Structures are given as C-alpha cells and as structure tokens.
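The structure under discussion appears below in the form of structure tokens.
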Amino acid sequence: MFETLLIKLGSVQPVAKISDEILQRIIRREFGDQADEVNMKLASVAGDTSNGRNRISAAIIRLANQDISAIDIHISRSKEDYRDVIAKAEYPRCYKLGFECMGDQNMKQIYLDDWQKYSGWLNK
C-alpha cells in the first residue's frame with residue numbers, strides 16, 4: 001500500500017523487502033518437496049544485507065518459474081550482475097523498455113503495473 005502511494009506521488013520504484021520467512025514461504029510454495037534443494041542452491045547467493053540476499057533469491061525463484069534447473073542459470077546471472085536478475089523479476093516492463101524515460105505519467109503507470117504484479121506474486 002505504501003509502495004503504491006510512493007509510485008503515484010513521486011514516481012518512485014519500490015524496493016521489495018523480503019524477510020527470511022517470506023523467502024522460505026515462496027520457496028515452499030514454488031518448489032514444494034524440492035525446497036531443501038532450492039535452499040542449498042540459493043546458499044551461494046551473495047548480498048550486502050539479509051534483505052539484499054533475500055531479494056536476489058526471490059528474483060531468482062520468480063524467474064525460474066518453478067523449474068529447478070533454471071535456478072542455477074539465474075544464480076549465475078546474479079553473480080555477473082545482480083541488477084539484471086532483480087530488474088527482470090521485479091520490474092519486467094521497465095526492464096523490457098530499458099528503463100527509458102517515457103514521461104512521468106507513463107512511467108508511473110509502468111511502475112505501478114510492475115509493482116502490482118510482483119507484489120501479487122509475492123503474496124499469492
């Protein structure tokens with residue numbers, strides 16, 4: 001809710017806050033009995049903070065789209081540049097457009113659409 005307000009008032013892209021509990025819930029939801037294997041794979045993901053590491057991990061999970069073999073590919077990409085993984089998972093329309101300036105109203109709508117889809121995925 002707060003993130004939506006930031007988008008509407010200031011054209012600010014929200015930053016996902018992914019706790020350990022949220023990350024584990026997502027892993028169990030997306031991978032079921034393979035959750036332990038996914039956790040082992042994600043142990044190699046690095047981040048400056050716990051939220052950063054969890055945010056990258058959540059992005060990897062989203063991009064893997066329940067395909068455990070895709071996790072290694074996205075982990076490898078995150079090690080090259082974690083921003084590519086986060087951008088593609090959290091801001092897919094902006095990523096596709098190259099984060100180009102399209103005017104304030106258009107960007108607000110794109111940010112809002114991206115955030116609603118991502119937060120909907122996080123909370124389903």
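Chain identifiers are assigned as A, B, and so on, following the order in which chains appear in the structure tokens; residues are numbered from 1 within each chain, and ligands are numbered from 1 in order of appearance.
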
Item to check | All alpha helix (DSSP H) positions in chain A, as a ChimeraX atom specification | outcome: /A:2-10,20-31,35-42,50-64,68-80,82-90,92-97,104-123

Checklist entry - Within 12 Å of Glu80 in chain A, counting only C-alpha atoms, which residues qualify if same-chain residues fewer than 5 places away don't, as a list in words? => result Val45, Ala46, Ile73, His74, Ile75 and Val85 of chain A

Checklist entry - Which one is closest to Glu30 in chain A: A:Asn65, A:Ser50, A:Ser76, A:Gln109? Count only C-alpha atoms. => result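 Result for the nearest residue to Glu30 in chain A: A:Asn65.
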
Next on the checklist: Could you tell me how far CA of Arg62 in chain A sits from CA of Asp20 in chain A, in Å to one decimal place?
Outcome noted: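 Answer for the CA of Asp20 in chain A to CA of Arg62 in chain A separation: 15.9 Å.
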
Next on the checklist: Excluding Leu63 in chain A and its own-chain neighbours fewer than 2 positions away, which residues fall within 10 Å of it when counting only C-alpha atoms? Please give them as a list in words.
Outcome noted: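 Contacts, in chain order: Ser57, Ala58, Ala59, Ile60, Ile61, Asn65, Gln66, Asp67, Ala70, Ile71, Ile73, His74, Val85, Ile86, Lys88, Ala89 and Glu90 of chain A.
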
Could you write out the selected residues, including C-alpha atoms, as a PDB file, in the first residue's frame?
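See part-v1.pdb below for the written result:
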ATOM      1  CA  SER A  57      16.939 -15.064  -4.165  1.00  0.00           C
ATOM      2  CA  ALA A  58      13.252 -14.193  -4.584  1.00  0.00           C
ATOM      3  CA  ALA A  59      14.018 -12.760  -8.028  1.00  0.00           C
ATOM      4  CA  ILE A  60      15.803 -15.984  -8.980  1.00  0.00           C
ATOM      5  CA  ILE A  61      12.820 -18.024  -7.824  1.00  0.00           C
ATOM      6  CA  ASN A  65       9.119 -20.172 -12.806  1.00  0.00           C
ATOM      7  CA  GLN A  66       9.029 -23.453 -10.842  1.00  0.00           C
ATOM      8  CA  ASP A  67      11.782 -25.001 -12.997  1.00  0.00           C
ATOM      9  CA  ALA A  70      16.629 -22.783 -14.239  1.00  0.00           C
ATOM     10  CA  ILE A  71      17.728 -21.731 -10.750  1.00  0.00           C
ATOM     11  CA  ILE A  73      21.207 -20.234 -14.636  1.00  0.00           C
ATOM     12  CA  HIS A  74      19.712 -17.300 -12.741  1.00  0.00           C
ATOM     13  CA  VAL A  85      18.043 -10.548 -12.173  1.00  0.00           C
ATOM     14  CA  ILE A  86      16.225  -8.107  -9.900  1.00  0.00           C
ATOM     15  CA  LYS A  88      13.802  -8.687 -14.855  1.00  0.00           C
ATOM     16  CA  ALA A  89      11.871 -10.172 -11.917  1.00  0.00           C
ATOM     17  CA  GLU A  90      10.617  -7.042 -10.137  1.00  0.00           C
TER      18      GLU A  90
END
